[in-house]
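Q: Hey, dropping upload-v3.csv in here, CSV, C-alpha atoms:
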chain,number,residue,atom,x,y,z
A,151,MET,CA,-21.4,4.4,-31.6
A,152,ALA,CA,-20.4,2.9,-28.3
A,153,SER,CA,-17.6,4.7,-26.4
A,154,ALA,CA,-15.3,4.1,-23.5
A,155,GLU,CA,-12.7,6.2,-21.6
A,156,PHE,CA,-9.2,5.0,-21.3
A,157,TRP,CA,-7.6,6.4,-18.1
A,158,TYR,CA,-3.9,6.2,-17.9
A,159,GLU,CA,-0.9,7.4,-15.9
A,160,PHE,CA,2.5,7.8,-17.6
A,161,ALA,CA,4.4,6.4,-14.6
A,162,SER,CA,2.3,3.2,-14.6
A,163,THR,CA,4.0,0.2,-15.9
A,164,TYR,CA,0.9,-1.8,-17.1
A,165,SER,CA,-0.4,1.4,-18.8
A,166,TYR,CA,2.4,0.8,-21.3
A,167,PRO,CA,1.2,-2.4,-23.0
A,168,ALA,CA,-2.4,-1.2,-22.5
A,169,ALA,CA,-1.8,2.1,-24.3
A,170,MET,CA,-0.1,0.2,-27.2
A,171,ARG,CA,-3.0,-2.3,-27.5
A,172,VAL,CA,-6.1,-0.4,-26.7
A,173,ALA,CA,-6.8,1.5,-29.9
A,174,GLU,CA,-6.8,-1.7,-32.1
A,175,LEU,CA,-8.9,-3.6,-29.5
A,176,ALA,CA,-11.5,-0.8,-29.4
A,177,SER,CA,-11.6,-0.3,-33.1
A,178,ALA,CA,-12.2,-4.1,-33.7
A,179,ARG,CA,-15.2,-3.8,-31.4
A,180,GLY,CA,-16.5,-0.5,-32.9
A,181,VAL,CA,-15.9,1.3,-29.6
A,182,ALA,CA,-14.7,5.0,-29.8
A,183,LEU,CA,-12.0,5.8,-27.2
A,184,VAL,CA,-11.5,8.9,-25.2
A,185,TRP,CA,-7.9,9.1,-23.9
A,186,ARG,CA,-7.8,10.5,-20.3
A,187,PRO,CA,-4.4,11.0,-18.8
A,188,PHE,CA,-4.3,11.5,-15.0
A,189,LEU,CA,-2.0,11.2,-12.0
A,190,LEU,CA,-2.2,8.4,-9.5
A,191,GLY,CA,-0.1,10.2,-6.9
A,192,PRO,CA,-3.0,12.0,-5.2
A,193,ILE,CA,-5.1,8.8,-5.1
A,194,PHE,CA,-2.2,6.8,-3.7
A,195,ALA,CA,-1.4,9.5,-1.2
A,196,ALA,CA,-5.0,9.5,0.0
A,197,GLN,CA,-4.6,5.9,1.0
A,198,GLY,CA,-1.3,6.4,2.7
A,199,TRP,CA,1.1,5.5,-0.1
A,200,ARG,CA,4.0,7.9,-0.7
A,201,ASP,CA,5.6,5.7,-3.4
A,202,SER,CA,4.6,3.1,-6.0
A,203,PRO,CA,3.0,0.0,-4.3
A,204,PHE,CA,5.5,-2.0,-6.4
A,205,ASN,CA,8.3,-0.3,-4.4
A,206,ILE,CA,6.4,-0.5,-1.1
A,207,TYR,CA,5.7,-4.3,-1.5
A,208,PRO,CA,8.9,-5.9,-2.8
A,209,ALA,CA,7.4,-9.3,-3.7
A,210,LYS,CA,4.7,-7.6,-5.7
A,211,GLY,CA,7.3,-5.4,-7.3
A,212,ARG,CA,9.6,-8.3,-8.3
A,213,TYR,CA,6.6,-10.1,-9.8
A,214,MET,CA,5.4,-7.0,-11.7
A,215,TRP,CA,8.8,-6.4,-13.4
A,216,ARG,CA,9.0,-10.1,-14.5
A,217,ASP,CA,5.4,-10.2,-15.6
A,218,LEU,CA,5.8,-6.9,-17.5
A,219,GLU,CA,8.8,-8.4,-19.4
A,220,ARG,CA,6.8,-11.5,-20.3
A,221,THR,CA,3.7,-9.4,-21.2
A,222,CYS,CA,5.7,-7.1,-23.5
A,223,ALA,CA,7.4,-10.1,-25.1
A,224,ALA,CA,4.1,-11.8,-25.8
A,225,ALA,CA,2.7,-8.5,-27.3
A,226,GLY,CA,5.9,-8.0,-29.4
A,227,LEU,CA,6.7,-4.8,-27.5
A,228,PRO,CA,10.3,-3.7,-26.6
A,229,PHE,CA,10.9,-3.4,-22.9
A,230,ARG,CA,13.5,-1.6,-20.9
A,231,ARG,CA,13.1,-0.8,-17.2
A,232,PRO,CA,13.2,2.9,-16.6
A,233,ALA,CA,15.3,4.3,-13.7
A,234,PRO,CA,14.3,5.7,-11.4
A,235,PHE,CA,11.0,4.1,-11.0
A,236,PRO,CA,8.4,5.5,-10.9
A,237,GLN,CA,9.2,8.3,-13.3
A,238,ASN,CA,7.8,11.8,-12.5
A,239,SER,CA,4.9,11.9,-15.0
A,240,LEU,CA,3.6,15.4,-14.3
A,241,LEU,CA,5.1,17.0,-17.5
A,242,ALA,CA,4.0,14.3,-19.8
A,243,ALA,CA,0.5,14.3,-18.3
A,244,ARG,CA,0.2,18.1,-18.7
A,245,VAL,CA,1.4,17.9,-22.3
A,246,ALA,CA,-1.0,15.1,-23.2
A,247,LEU,CA,-3.9,17.0,-21.7
A,248,ALA,CA,-2.9,20.1,-23.8
A,249,LEU,CA,-3.3,18.0,-26.9
A,250,GLU,CA,-6.5,16.7,-28.4
A,251,GLY,CA,-8.0,13.5,-30.0
A,252,GLU,CA,-5.7,11.4,-32.1
A,253,THR,CA,-2.7,13.7,-31.5
A,254,ARG,CA,-3.1,13.1,-27.7
A,255,ALA,CA,-3.3,9.3,-28.3
A,256,GLU,CA,-0.2,9.2,-30.5
A,257,PHE,CA,1.8,11.5,-28.2
A,258,SER,CA,0.8,9.2,-25.3
A,259,ARG,CA,2.0,6.0,-27.1
A,260,ARG,CA,5.3,7.7,-27.9
A,261,VAL,CA,5.8,8.7,-24.3
A,262,TYR,CA,5.3,5.1,-23.3
A,263,ALA,CA,7.6,3.8,-26.0
A,264,ALA,CA,10.3,6.2,-24.9
A,265,GLU,CA,9.9,5.4,-21.2
A,266,PHE,CA,9.4,1.6,-21.2
A,267,GLY,CA,10.8,0.7,-24.6
A,268,ASP,CA,13.9,2.9,-24.5
A,269,GLY,CA,14.2,3.6,-20.8
A,270,ALA,CA,14.2,7.4,-21.5
A,271,PRO,CA,13.5,9.9,-18.6
A,272,ILE,CA,10.1,11.3,-19.3
A,273,SER,CA,10.4,14.1,-16.8
A,274,ASP,CA,13.1,15.7,-19.1
A,275,ARG,CA,11.8,18.6,-21.1
A,276,ALA,CA,14.2,17.8,-23.9
A,277,VAL,CA,12.8,14.3,-24.2
A,278,ILE,CA,9.2,15.4,-24.2
A,279,GLY,CA,10.0,18.3,-26.5
A,280,GLY,CA,11.6,15.8,-28.9
A,281,LEU,CA,8.4,13.7,-28.9
A,282,ILE,CA,6.3,16.8,-29.6
A,283,ALA,CA,8.5,17.8,-32.5
A,284,GLY,CA,8.2,14.2,-33.8
A,285,LEU,CA,4.5,14.9,-34.2
A,286,GLY,CA,5.2,17.9,-36.4
A,287,LEU,CA,4.2,20.3,-33.6
A,288,ASP,CA,6.2,23.2,-32.1
A,289,PRO,CA,7.6,22.1,-28.7
A,290,GLN,CA,7.9,25.7,-27.3
A,291,THR,CA,4.2,26.4,-28.0
A,292,ILE,CA,2.9,23.1,-26.7
A,293,LEU,CA,5.1,23.2,-23.6
A,294,ALA,CA,3.8,26.7,-22.8
A,295,GLU,CA,0.2,25.6,-23.2
A,296,ALA,CA,0.9,22.6,-21.0
A,297,ALA,CA,2.3,24.9,-18.3
A,298,SER,CA,-0.6,27.3,-18.4
A,299,GLU,CA,-2.7,27.8,-15.3
A,300,ALA,CA,-5.8,26.7,-17.2
A,301,ASN,CA,-4.2,23.4,-18.2
A,302,LYS,CA,-2.8,22.8,-14.7
A,303,ALA,CA,-6.3,23.3,-13.3
A,304,LYS,CA,-7.7,20.9,-16.0
A,305,LEU,CA,-5.3,18.2,-14.9
A,306,LYS,CA,-6.2,18.7,-11.3
A,307,ALA,CA,-9.9,18.3,-12.2
A,308,GLU,CA,-9.2,15.1,-14.1
A,309,CYS,CA,-7.5,13.7,-11.1
A,310,ALA,CA,-10.4,14.6,-8.9
A,311,ARG,CA,-12.8,13.1,-11.4
A,312,ALA,CA,-10.8,9.8,-11.4
A,313,ALA,CA,-11.0,9.6,-7.6
A,314,HIS,CA,-14.7,10.4,-7.8
A,315,ILE,CA,-15.4,7.6,-10.3
A,316,GLY,CA,-13.6,5.2,-8.0
A,317,ILE,CA,-10.4,4.7,-10.0
A,318,PHE,CA,-7.6,3.4,-7.8
A,319,GLY,CA,-5.0,2.2,-10.3
A,320,ALA,CA,-4.0,2.5,-14.0
A,321,PRO,CA,-4.8,1.7,-16.7
A,322,THR,CA,-8.6,1.8,-16.1
A,323,LEU,CA,-11.3,1.6,-18.7
A,324,VAL,CA,-14.6,3.3,-17.9
A,325,THR,CA,-17.7,2.5,-19.9
A,326,GLU,CA,-20.7,4.7,-20.7
A,327,ASP,CA,-22.8,2.9,-18.1
A,328,GLY,CA,-20.2,3.7,-15.4
A,329,GLU,CA,-18.5,0.3,-15.1
A,330,ILE,CA,-14.8,0.4,-14.4
A,331,PHE,CA,-12.2,-2.2,-15.6
A,332,TRP,CA,-8.8,-2.1,-14.0
A,333,GLY,CA,-5.6,-3.4,-15.6
A,334,ASN,CA,-4.1,-4.3,-18.9
A,335,ASP,CA,-5.6,-7.7,-18.5
A,336,GLN,CA,-9.1,-6.3,-18.3
A,337,LEU,CA,-9.0,-4.3,-21.6
A,338,GLU,CA,-10.7,-7.0,-23.6
A,339,PHE,CA,-13.4,-7.7,-21.0
A,340,GLY,CA,-14.1,-3.9,-20.6
A,341,LEU,CA,-14.3,-3.3,-24.3
A,342,ASP,CA,-16.6,-6.3,-24.8
A,343,TRP,CA,-18.8,-4.7,-22.2
A,344,ALA,CA,-18.6,-1.3,-23.8
A,345,ALA,CA,-19.6,-2.8,-27.1
A,346,GLY,CA,-22.6,-4.5,-25.5
A,347,ARG,CA,-21.4,-8.0,-26.1
A,348,LEU,CA,-21.9,-8.9,-22.4
A,349,LEU,CA,-24.7,-8.6,-19.9
A,350,THR,CA,-25.9,-5.1,-19.1
A,351,PRO,CA,-25.7,-4.1,-15.4
A,352,GLN,CA,-29.5,-4.4,-15.2
A,353,GLN,CA,-29.5,-7.9,-16.6
A,354,LEU,CA,-26.6,-8.8,-14.2
A,355,SER,CA,-28.4,-7.5,-11.1
A,356,SER,CA,-31.4,-9.6,-11.9
A,357,SER,CA,-29.4,-12.7,-12.7
A,358,PRO,CA,-29.4,-15.5,-10.1
B,74,MET,CA,3.7,-34.1,-19.7
B,75,ALA,CA,3.9,-30.5,-18.7
B,76,SER,CA,2.7,-29.6,-15.3
B,77,ALA,CA,1.9,-26.5,-13.2
B,78,GLU,CA,1.0,-25.8,-9.6
B,79,PHE,CA,-2.2,-24.1,-8.7
B,80,TRP,CA,-1.8,-22.2,-5.4
B,81,TYR,CA,-5.1,-21.1,-3.9
B,82,GLU,CA,-6.5,-19.7,-0.6
B,83,PHE,CA,-10.1,-20.5,0.3
B,84,ALA,CA,-10.7,-16.9,1.6
B,85,SER,CA,-9.6,-15.4,-1.7
B,86,THR,CA,-12.4,-14.1,-3.9
B,87,TYR,CA,-10.7,-14.5,-7.3
B,88,SER,CA,-9.6,-18.0,-6.4
B,89,TYR,CA,-13.2,-19.0,-6.8
B,90,PRO,CA,-13.6,-18.4,-10.6
B,91,ALA,CA,-10.0,-19.6,-11.0
B,92,ALA,CA,-10.7,-22.9,-9.2
B,93,MET,CA,-13.8,-23.5,-11.3
B,94,ARG,CA,-12.0,-22.8,-14.6
B,95,VAL,CA,-8.5,-24.1,-14.1
B,96,ALA,CA,-8.9,-27.8,-14.6
B,97,GLU,CA,-10.5,-27.5,-18.0
B,98,LEU,CA,-8.0,-24.8,-19.2
B,99,ALA,CA,-5.1,-27.0,-18.1
B,100,SER,CA,-6.6,-30.1,-19.7
B,101,ALA,CA,-7.1,-28.3,-23.0
B,102,ARG,CA,-3.4,-27.5,-23.0
B,103,GLY,CA,-2.2,-30.9,-21.9
B,104,VAL,CA,-0.9,-29.5,-18.6
B,105,ALA,CA,-1.1,-31.7,-15.4
B,106,LEU,CA,-2.2,-29.6,-12.3
B,107,VAL,CA,-1.1,-29.9,-8.7
B,108,TRP,CA,-3.6,-28.3,-6.4
B,109,ARG,CA,-1.8,-26.5,-3.5
B,110,PRO,CA,-4.0,-24.9,-0.9
B,111,PHE,CA,-2.3,-22.4,1.4
B,112,LEU,CA,-3.0,-19.4,3.7
B,113,LEU,CA,-2.3,-15.8,2.7
B,114,GLY,CA,-2.6,-14.6,6.3
B,115,PRO,CA,1.1,-15.1,7.2
B,116,ILE,CA,2.2,-13.4,3.9
B,117,PHE,CA,-0.1,-10.5,4.4
B,118,ALA,CA,0.9,-10.1,8.0
B,119,ALA,CA,4.6,-10.0,7.0
B,120,GLN,CA,3.9,-6.9,4.9
B,121,GLY,CA,1.8,-5.3,7.6
B,122,TRP,CA,-1.7,-6.2,6.6
B,123,ARG,CA,-4.0,-7.6,9.4
B,124,ASP,CA,-7.0,-7.8,7.1
B,125,SER,CA,-7.8,-8.4,3.4
B,126,PRO,CA,-6.4,-5.6,1.3
B,127,PHE,CA,-10.0,-5.3,-0.1
B,128,ASN,CA,-11.1,-4.2,3.3
B,129,ILE,CA,-8.1,-2.0,4.0
B,130,TYR,CA,-8.4,-0.2,0.6
B,131,PRO,CA,-12.2,0.6,0.1
B,132,ALA,CA,-12.0,1.7,-3.5
B,133,LYS,CA,-10.2,-1.5,-4.4
B,134,GLY,CA,-12.7,-3.5,-2.4
B,135,ARG,CA,-15.7,-1.9,-4.0
B,136,TYR,CA,-14.2,-2.6,-7.4
B,137,MET,CA,-13.3,-6.2,-6.6
B,138,TRP,CA,-16.9,-7.1,-5.5
B,139,ARG,CA,-18.4,-5.6,-8.6
B,140,ASP,CA,-15.8,-7.2,-10.9
B,141,LEU,CA,-16.2,-10.5,-9.2
B,142,GLU,CA,-19.9,-10.3,-9.9
B,143,ARG,CA,-19.3,-9.5,-13.6
B,144,THR,CA,-16.6,-12.1,-13.9
B,145,CYS,CA,-18.8,-14.9,-12.4
B,146,ALA,CA,-21.7,-13.9,-14.6
B,147,ALA,CA,-19.5,-14.0,-17.7
B,148,ALA,CA,-18.2,-17.5,-16.6
B,149,GLY,CA,-21.8,-18.7,-15.8
B,150,LEU,CA,-21.0,-19.1,-12.1
B,151,PRO,CA,-23.5,-18.3,-9.3
B,152,PHE,CA,-22.3,-15.6,-7.0
B,153,ARG,CA,-23.2,-14.6,-3.4
B,154,ARG,CA,-21.0,-12.5,-1.2
B,155,PRO,CA,-20.1,-14.3,1.9
B,156,ALA,CA,-20.3,-12.5,5.3
B,157,PRO,CA,-18.1,-11.9,7.1
B,158,PHE,CA,-15.4,-11.3,4.5
B,159,PRO,CA,-12.8,-12.7,4.6
B,160,GLN,CA,-14.0,-16.1,5.8
B,161,ASN,CA,-11.7,-18.0,8.2
B,162,SER,CA,-10.2,-20.5,5.8
B,163,LEU,CA,-8.0,-22.5,8.1
B,164,LEU,CA,-10.3,-25.6,8.5
B,165,ALA,CA,-10.9,-25.8,4.8
B,166,ALA,CA,-7.2,-25.5,4.0
B,167,ARG,CA,-6.3,-28.3,6.4
B,168,VAL,CA,-9.0,-30.6,5.1
B,169,ALA,CA,-8.0,-30.0,1.5
B,170,LEU,CA,-4.4,-30.7,2.3
B,171,ALA,CA,-5.4,-34.0,4.1
B,172,LEU,CA,-7.0,-35.1,0.8
B,173,GLU,CA,-5.1,-36.1,-2.4
B,174,GLY,CA,-5.2,-35.7,-6.1
B,175,GLU,CA,-8.6,-35.4,-7.8
B,176,THR,CA,-10.4,-35.7,-4.4
B,177,ARG,CA,-8.6,-32.6,-3.2
B,178,ALA,CA,-9.5,-30.7,-6.4
B,179,GLU,CA,-13.2,-31.7,-6.2
B,180,PHE,CA,-13.4,-30.9,-2.5
B,181,SER,CA,-11.8,-27.5,-3.2
B,182,ARG,CA,-14.3,-26.6,-5.9
B,183,ARG,CA,-17.1,-27.6,-3.6
B,184,VAL,CA,-15.8,-25.3,-0.8
B,185,TYR,CA,-15.7,-22.4,-3.3
B,186,ALA,CA,-19.1,-23.2,-4.6
B,187,ALA,CA,-20.5,-23.2,-1.0
B,188,GLU,CA,-18.7,-20.1,0.0
B,189,PHE,CA,-19.1,-17.8,-3.0
B,190,GLY,CA,-22.0,-19.5,-4.8
B,191,ASP,CA,-24.2,-20.0,-1.7
B,192,GLY,CA,-22.6,-17.7,0.8
B,193,ALA,CA,-22.1,-20.5,3.3
B,194,PRO,CA,-19.7,-20.1,6.3
B,195,ILE,CA,-16.7,-22.3,5.5
B,196,SER,CA,-15.2,-22.1,9.0
B,197,ASP,CA,-18.2,-24.2,10.2
B,198,ARG,CA,-17.3,-27.8,10.8
B,199,ALA,CA,-20.8,-28.9,9.8
B,200,VAL,CA,-20.6,-27.2,6.5
B,201,ILE,CA,-17.1,-28.7,5.8
B,202,GLY,CA,-18.3,-32.1,7.1
B,203,GLY,CA,-21.2,-32.0,4.7
B,204,LEU,CA,-18.9,-31.3,1.8
B,205,ILE,CA,-16.7,-34.2,2.8
B,206,ALA,CA,-19.7,-36.5,3.1
B,207,GLY,CA,-20.8,-35.4,-0.3
B,208,LEU,CA,-17.6,-36.9,-1.7
B,209,GLY,CA,-18.5,-40.3,-0.2
B,210,LEU,CA,-15.9,-39.9,2.6
B,211,ASP,CA,-16.3,-40.1,6.3
B,212,PRO,CA,-16.3,-36.6,7.8
B,213,GLN,CA,-15.1,-37.7,11.3
B,214,THR,CA,-12.1,-39.5,9.8
B,215,ILE,CA,-11.1,-36.7,7.5
B,216,LEU,CA,-11.6,-34.0,10.0
B,217,ALA,CA,-9.4,-35.9,12.5
B,218,GLU,CA,-6.7,-36.3,9.9
B,219,ALA,CA,-7.0,-32.6,9.0
B,220,ALA,CA,-6.5,-31.7,12.7
B,221,SER,CA,-3.4,-34.0,13.2
B,222,GLU,CA,-0.1,-32.4,14.1
B,223,ALA,CA,1.4,-33.8,11.0
B,224,ASN,CA,-1.2,-32.2,8.7
B,225,LYS,CA,-0.9,-28.9,10.6
B,226,ALA,CA,2.8,-28.9,10.1
B,227,LYS,CA,2.4,-29.7,6.4
B,228,LEU,CA,0.2,-26.7,6.0
B,229,LYS,CA,2.7,-24.4,7.7
B,230,ALA,CA,5.4,-25.8,5.4
B,231,GLU,CA,3.2,-25.0,2.4
B,232,CYS,CA,2.7,-21.4,3.5
B,233,ALA,CA,6.5,-21.1,4.0
B,234,ARG,CA,7.1,-22.5,0.6
B,235,ALA,CA,4.6,-20.1,-0.9
B,236,ALA,CA,6.4,-17.1,0.6
B,237,HIS,CA,9.8,-18.6,-0.5
B,238,ILE,CA,8.6,-18.9,-4.1
B,239,GLY,CA,7.5,-15.2,-4.0
B,240,ILE,CA,3.8,-15.7,-3.9
B,241,PHE,CA,2.0,-12.6,-2.6
B,242,GLY,CA,-1.6,-13.2,-3.5
B,243,ALA,CA,-4.0,-15.9,-4.8
B,244,PRO,CA,-4.7,-17.6,-7.0
B,245,THR,CA,-1.1,-18.1,-8.3
B,246,LEU,CA,0.0,-20.5,-11.0
B,247,VAL,CA,3.6,-21.7,-10.7
B,248,THR,CA,5.2,-23.4,-13.7
B,249,GLU,CA,8.0,-26.0,-13.8
B,250,ASP,CA,10.6,-23.4,-14.7
B,251,GLY,CA,9.7,-21.3,-11.7
B,252,GLU,CA,7.6,-18.6,-13.3
B,253,ILE,CA,4.6,-17.3,-11.3
B,254,PHE,CA,1.4,-16.0,-12.7
B,255,TRP,CA,-0.9,-14.1,-10.3
B,256,GLY,CA,-4.7,-13.8,-10.6
B,257,ASN,CA,-7.7,-15.4,-12.3
B,258,ASP,CA,-7.0,-13.3,-15.4
B,259,GLN,CA,-3.5,-14.8,-15.7
B,260,LEU,CA,-4.6,-18.5,-15.8
B,261,GLU,CA,-4.6,-18.7,-19.6
B,262,PHE,CA,-1.2,-16.9,-20.0
B,263,GLY,CA,0.4,-19.1,-17.3
B,264,LEU,CA,-1.0,-22.3,-18.7
B,265,ASP,CA,0.1,-21.3,-22.2
B,266,TRP,CA,3.6,-20.8,-20.7
B,267,ALA,CA,3.5,-24.1,-18.9
B,268,ALA,CA,2.5,-25.9,-22.1
B,269,GLY,CA,5.5,-24.3,-23.9
B,270,ARG,CA,3.4,-22.2,-26.2
B,271,LEU,CA,5.2,-19.1,-25.3
B,272,LEU,CA,8.9,-18.0,-25.2
B,273,THR,CA,11.0,-19.8,-22.6
B,274,PRO,CA,12.7,-17.6,-20.0
B,275,GLN,CA,16.0,-18.2,-21.8
B,276,GLN,CA,14.6,-17.0,-25.1
B,277,LEU,CA,12.9,-14.1,-23.3
B,278,SER,CA,16.2,-13.0,-21.6
B,279,SER,CA,18.0,-12.9,-24.9
B,280,SER,CA,15.2,-11.1,-26.8
B,281,PRO,CA,15.7,-7.4,-27.6
Would you write the structure of this file as structure tokens?

A:
Amino acid sequence: MASAEFWYEFASTYSYPAAMRVAELASARGVALVWRPFLLGPIFAAQGWRDSPFNIYPAKGRYMWRDLERTCAAAGLPFRRPAPFPQNSLLAARVALALEGETRAEFSRRVYAAEFGDGAPISDRAVIGGLIAGLGLDPQTILAEAASEANKAKLKAECARAAHIGIFGAPTLVTEDGEIFWGNDQLEFGLDWAAGRLLTPQQLSSSP
Amino acid sequence: MASAEFWYEFASTYSYPAAMRVAELASARGVALVWRPFLLGPIFAAQGWRDSPFNIYPAKGRYMWRDLERTCAAAGLPFRRPAPFPQNSLLAARVALALEGETRAEFSRRVYAAEFGDGAPISDRAVIGGLIAGLGLDPQTILAEAASEANKAKLKAECARAAHIGIFGAPTLVTEDGEIFWGNDQLEFGLDWAAGRLLTPQQLSSSP
């Protein structure tokens, strides 16, 4: 079965509609998904950004908020702008990484729904604890696992891996042959690629 | 008839597939297009960029070139990376603005085909003159019109208008109700909006 990695950052606006859409799009193409939460902060910092580019570049920021509103409306998703933006996503990323498989995916969707659907503060332990409890898991246990040194190191390694792959934004889809597809808009293209419906890189390189 | 403005910059990579696709996409939706060439340089300079962001941010640049190659292959468009990048687009923009209607559109497509399909230097008067001659027009006459003070002032006014609208990149589609849609990936969404197939801004503002 073809597979692809879905790299996402909980503070990232376009990761919200992508996270809500990706499972169905992948399933329709027979592509197995691996959910890989990471942090963009270190990648942004390495290129000199200490804030979201949407805050650094106001015209791009104004556009993004309007476009996100339109995009969510078109996808039938509720939208509420979280404040402050960006949210601190460290806690949510650690918890997501401490979970596995479908539980991680469902927790991640619920974090996005809380953050961008309800405007909830996702750096709040009570908010994250509530989402964990909603999955039928024990918040104290999961929060402790998330805060373990092993899990912290795992998240650091994921961030290093993202930078190594060449990821510079979120969401990003990575296919088995190492292609990367950036953005909510690119999900369909990337998953078509993963499913082998498009040219392979070899065919592409030899095309005119 | 619904209409939309297609704002494009000849140095812009993603404006290439967009320019080659947009007329057919608009026609299929019954949307009349106004082709508006402009320069991104002043807009980039205002936010501190003296070069293409694809050169300033290497990971983004590497991704863009690979994605452009894939995108062109998927659209059946030839692709050859121009050197240097970005090309100086001033001459091409002035000539495009000195032309009207369908002639402007066809000249613009031929500039993109020369630049990103053949890797030709579009700052070269002979290259641009050849494209003008290919349209059955007199290169000397059109190049003189393009270099007139009136036409130079017109291009400056277009750039100021772009900044005023909130344009920060190219290609950008602007609908009659003032919505902007950035990127080759957003053409379909923007033209659906222009054609009234999506929620109006009023409906969107009052949606939950």

Q: In Å, with one decimal, what is the gap from atom CA of Lys133 of chain B to atom CA of Asn257 of chain B?

A: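 Those two atoms sit 16.2 Å apart.
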
Q: One decimal, Å: what's the distance from atom CA of Leu305 of chain A over to atom CA of Pro192 of chain A, could you say?

A: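 These two atoms are separated by 11.7 Å.
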
Q: Quick one: residues within 6 Å of segment 107-114 of chain B, only C-alpha atoms, excluding same-chain residues fewer than 2 positions away - as a ChimeraX atom specification?

A: /B:78-82,116-118,166,232

Q: Using all atoms listed in the file and a cut-off of 9 Å, which residues of chain A sit close to chain B? Please list them as a PyMOL selection string.

A: chain A and resi 197+207+209-210+212-213+216-217+219-220+223-224+228-229+313+316-319+329-332+335-336+339+348-349+351+354+357-358

Q: Around (-13.0, -24.7, -5.2), as given in the file, which residues come within 6 Å? Count all atoms listed in the file and list them as a ChimeraX atom specification.

A: /B:89,92,181-185

Q: Give me the residues within 10 Å of Asn238 of chain A as a PyMOL selection string, counting all atoms listed in the file and dropping any in the same chain fewer than 3 places off.

A: chain A and resi 160-161+189+191+234-235+241-243+271-274

Q: How far is it from atom CA of Arg231 of chain A to atom CA of Gly269 of chain A, in Å with one decimal?

A: 5.8 Å

Q: If we count all atoms listed in the file and set the cut-off at 12 Å, which residues sit around Arg198 of chain B, ignoring sequence neighbours fewer than 6 positions away in its own chain? Please answer as a list in words.

A: Asn161, Ser162, Leu163, Leu164, Ala165, Arg167, Val168, Val184, Leu204, Ile205, Ala206, Pro212, Gln213, Ile215, Leu216, Ala217, Ala219 and Ala220 of chain B

Q: Just checking: using all atoms listed in the file, which residue out of B:Arg270, B:Arg102, B:Leu172, B:Pro155 ends up closest to Ala186 of chain B?

A: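 Ranking B:Arg270, B:Arg102, B:Leu172, B:Pro155 by distance to Ala186 of chain B, first place goes to B:Pro155.
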
Q: Using all atoms listed in the file for the distances, tell me which of A:Ala233, A:Ala168, A:Ala300, A:Leu285 is nearest to Phe257 of chain A.

A: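 Of A:Ala233, A:Ala168, A:Ala300, A:Leu285, the one nearest Phe257 of chain A is A:Leu285, counting all atoms listed in the file.
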
Q: Which residue is closest to Val172 of chain A? Choose from A:Leu287, A:Leu218, A:Ala320, A:Leu337 and count all atoms listed in the file.

A: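 Ranked by minimum distance to Val172 of chain A, first place goes to A:Leu337.
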
Q: So, counting all atoms listed in the file, which residue among A:Ala248, A:Ala225, A:Ala276, A:Met170 is closest to Ala303 of chain A?

A: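 Among A:Ala248, A:Ala225, A:Ala276, A:Met170, it is A:Ala248 that comes nearest to Ala303 of chain A.
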
Q: Nearest to Ala230 of chain B among B:Thr245, B:Ala187, B:Val200, B:Leu170, with distances taken over all atoms listed in the file: which residue is it?

A: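 Closest residue, counting all atoms listed in the file: B:Leu170.
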